[in-house]
Amino acid sequence: MSWQHLTFVSSLMVIMIVCAVVFGLRNRNKDSIKKNRVLVVAAILIDSLEIFKIIMGCVVNADPMHWKYQLPLFLCSIQLIAIPMAAFCKGRLKEASMDFVTIFGVLGAVLGTYFAGQDYGSYPVLSFDNIVSGVTHCISGFTALYIMISGMTSMKKKNIPVTVCILGGFCAVAFIANKIIDYNYMFLVRGDGTPYDIIYNMVGGSPVLYPICVVLLFVLYITAFYGVYYLCARKKKA
């Protein structure tokens with residue numbers, strides 16, 4: 001939380017919000033095809049940056065297997081798959097993917113910038129990893145805000161199980177990956193300087209209770225988000 005860290009991520013946040021408002025309002029009354037073009041660009045950009053980061057990580061570390069520790073299995077990095085799904089899929093899967101991006105995009109942007117203690121405590125603020133990480137997290141936040149402002153959100157109740165399954169599937173894969181390569185995807189093993197440390201300390205680092213609490217926290221957040229959304233929608237209609 002140095003002033004350099006806060007200044008850098010706050011600058012990214014301002015750019016993220018301004019771009020989302022400008023593009024969202026500009027496309028609000030346009031057809032779905034034109035609205036979707038922004039999602040396509042966001043999907044290509046976020047995945048291209050992440051692939052470049054992974055390649056550079058393998059080169060810098062002189063380890064062709066370094067990619068094992070950069071898989072998209074963190075809550076924030078799920079957007080590397082969710083945003084392309086929202087951009088290129090159709091029907092219910094597209095709607096559920098957009099809901100997922102809407103629910104976790106801004107949260108991921110905030111957690112992955114302001115609260116990324118594991119990154120900004122290990123590398124200089126303007127290091128390659130932190131710059132790419134900051135930009136990709138803010139692309140997730142931008143996409144979520146754009147979807148809401150442009151009127152692309154569906155948030156249909158029938159899509160809630162699909163949204164939960166997307167998260168549950170990634171949690172299961174992350175849990176298995178952690179066991180195989182001894183890593184900490186989705187922070188299911190420990191907090192590593194993030195707010196998850198609060199939960200980790202509360203349960204005394206229990207290898208059983210801690211991951212269960214983390215997953216339950218995700219589900220609770222999804223439930224709360226849908227609850228607030230429907231409450232606001234009901235008041236708007238009234």
# chains A, B, ... in the order shown; residues from 1 in each chain; ligands from 1

call {"tool": "residues_around", "arguments": {"residues": "A:Gly24", "least_positions_apart": "3", "cutoff": "8 Å", "atoms": "only C-alpha atoms", "output": "ChimeraX atom specification"}}
result
/A:20-21,27-28,145-150

call {"tool": "select_by_dssp", "arguments": {"residues": "stretch 50-145 of chain A", "states": "alpha helix (DSSP H)", "output": "VMD selection string"}}
result
chain A and resid 50 to 60 79 to 88 91 to 111 117 to 120 128 to 145

call {"tool": "closest_residue", "arguments": {"among": "A:Val132, A:Ala42, A:Val164, A:Ala224", "to": "A:Gly57", "atoms": "only C-alpha atoms"}}
result
A:Val132

call {"tool": "atom_distance", "arguments": {"atom1": "atom CA of A:Ala109", "atom2": "atom CA of A:His137"}}
result
4.6 Å

call {"tool": "atom_distance", "arguments": {"atom1": "atom CA of A:Val9", "atom2": "atom CA of A:Val106"}}
result
13.4 Å

call {"tool": "residues_around", "arguments": {"residues": "stretch 13-16 of chain A", "least_positions_apart": "6", "cutoff": "10 Å", "atoms": "only C-alpha atoms", "output": "VMD selection string"}}
result
chain A and resid 7 106 109 to 110 113 to 114 134 to 135 137 to 143 145 to 146

call {"tool": "write_last_selection", "arguments": {"atoms": "N, CA, C and O atoms", "output": "mmCIF file, in the first residue's frame"}}
result
data_model
loop_
_atom_site.group_PDB
_atom_site.id
_atom_site.type_symbol
_atom_site.label_atom_id
_atom_site.label_comp_id
_atom_site.auth_asym_id
_atom_site.auth_seq_id
_atom_site.Cartn_x
_atom_site.Cartn_y
_atom_site.Cartn_z
ATOM 1 N N THR A 7 -0.933 4.986 -6.375
ATOM 2 C CA THR A 7 -1.010 5.905 -7.521
ATOM 3 C C THR A 7 -1.138 5.136 -8.829
ATOM 4 O O THR A 7 -1.960 5.484 -9.695
ATOM 5 N N VAL A 106 -15.447 -6.542 -11.599
ATOM 6 C CA VAL A 106 -15.010 -5.389 -10.795
ATOM 7 C C VAL A 106 -14.347 -5.854 -9.513
ATOM 8 O O VAL A 106 -13.328 -5.305 -9.083
ATOM 9 N N ALA A 109 -10.929 -6.881 -10.313
ATOM 10 C CA ALA A 109 -10.087 -5.728 -10.616
ATOM 11 C C ALA A 109 -9.582 -5.072 -9.343
ATOM 12 O O ALA A 109 -8.409 -4.694 -9.237
ATOM 13 N N VAL A 110 -10.457 -4.943 -8.367
ATOM 14 C CA VAL A 110 -10.072 -4.307 -7.091
ATOM 15 C C VAL A 110 -9.120 -5.202 -6.299
ATOM 16 O O VAL A 110 -8.069 -4.754 -5.816
ATOM 17 N N THR A 113 -5.555 -5.487 -7.817
ATOM 18 C CA THR A 113 -4.739 -4.269 -7.893
ATOM 19 C C THR A 113 -4.453 -3.719 -6.494
ATOM 20 O O THR A 113 -3.334 -3.789 -6.005
ATOM 21 N N TYR A 114 -5.483 -3.232 -5.848
ATOM 22 C CA TYR A 114 -5.296 -2.627 -4.523
ATOM 23 C C TYR A 114 -4.872 -3.644 -3.461
ATOM 24 O O TYR A 114 -4.067 -3.342 -2.584
ATOM 25 N N GLY A 134 -1.831 -5.624 -13.673
ATOM 26 C CA GLY A 134 -2.733 -4.501 -13.438
ATOM 27 C C GLY A 134 -3.627 -4.235 -14.626
ATOM 28 O O GLY A 134 -4.838 -4.005 -14.482
ATOM 29 N N VAL A 135 -3.055 -4.291 -15.822
ATOM 30 C CA VAL A 135 -3.829 -4.029 -17.041
ATOM 31 C C VAL A 135 -4.873 -5.116 -17.272
ATOM 32 O O VAL A 135 -6.040 -4.827 -17.573
ATOM 33 N N HIS A 137 -6.250 -7.163 -15.069
ATOM 34 C CA HIS A 137 -7.305 -7.083 -14.059
ATOM 35 C C HIS A 137 -8.270 -5.946 -14.376
ATOM 36 O O HIS A 137 -9.488 -6.074 -14.178
ATOM 37 N N CYS A 138 -7.737 -4.846 -14.859
ATOM 38 C CA CYS A 138 -8.597 -3.707 -15.186
ATOM 39 C C CYS A 138 -9.402 -3.953 -16.461
ATOM 40 O O CYS A 138 -10.492 -3.391 -16.612
ATOM 41 N N ILE A 139 -8.895 -4.784 -17.361
ATOM 42 C CA ILE A 139 -9.703 -5.175 -18.522
ATOM 43 C C ILE A 139 -10.925 -5.957 -18.046
ATOM 44 O O ILE A 139 -12.037 -5.782 -18.563
ATOM 45 N N SER A 140 -10.732 -6.805 -17.039
ATOM 46 C CA SER A 140 -11.862 -7.543 -16.465
ATOM 47 C C SER A 140 -12.878 -6.584 -15.869
ATOM 48 O O SER A 140 -14.094 -6.729 -16.083
ATOM 49 N N GLY A 141 -12.386 -5.603 -15.109
ATOM 50 C CA GLY A 141 -13.285 -4.617 -14.518
ATOM 51 C C GLY A 141 -13.990 -3.787 -15.573
ATOM 52 O O GLY A 141 -15.185 -3.507 -15.466
ATOM 53 N N PHE A 142 -13.242 -3.383 -16.597
ATOM 54 C CA PHE A 142 -13.820 -2.618 -17.703
ATOM 55 C C PHE A 142 -14.944 -3.402 -18.369
ATOM 56 O O PHE A 142 -16.030 -2.861 -18.648
ATOM 57 N N THR A 143 -14.692 -4.688 -18.651
ATOM 58 C CA THR A 143 -15.684 -5.511 -19.334
ATOM 59 C C THR A 143 -16.962 -5.628 -18.519
ATOM 60 O O THR A 143 -18.075 -5.543 -19.059
ATOM 61 N N LEU A 145 -18.115 -3.514 -16.203
ATOM 62 C CA LEU A 145 -18.808 -2.227 -16.208
ATOM 63 C C LEU A 145 -19.443 -1.956 -17.565
ATOM 64 O O LEU A 145 -20.570 -1.446 -17.638
ATOM 65 N N TYR A 146 -18.727 -2.285 -18.634
ATOM 66 C CA TYR A 146 -19.253 -2.071 -19.982
ATOM 67 C C TYR A 146 -20.533 -2.874 -20.198
ATOM 68 O O TYR A 146 -21.516 -2.364 -20.770
#

call {"tool": "residues_around", "arguments": {"residues": "stretch 183-199 of chain A", "least_positions_apart": "3", "cutoff": "12 Å", "atoms": "only C-alpha atoms", "output": "ChimeraX atom specification"}}
result
/A:1,68-78,108,110-122,167-180,202-218

call {"tool": "closest_residue", "arguments": {"among": "A:Lys235, A:Met152, A:Phe104, A:Ser11", "to": "A:Tyr221", "atoms": "only C-alpha atoms"}}
result
A:Phe104

call {"tool": "atom_distance", "arguments": {"atom1": "atom CA of A:Leu107", "atom2": "atom CA of A:Ile17"}}
result
13.4 Å

call {"tool": "closest_residue", "arguments": {"among": "A:Ile222, A:Ile33, A:Ala62, A:Leu6", "to": "A:Thr163", "atoms": "only C-alpha atoms"}}
result
A:Ile222

call {"tool": "residues_around", "arguments": {"residues": "A:Val40", "least_positions_apart": "5", "cutoff": "8 Å", "atoms": "only C-alpha atoms", "output": "PyMOL selection string"}}
result
chain A and resi 84+87-88

call {"tool": "closest_residue", "arguments": {"among": "A:Leu93, A:Met85, A:Cys19, A:Met65", "to": "A:Ile44", "atoms": "only C-alpha atoms"}}
result
A:Met85
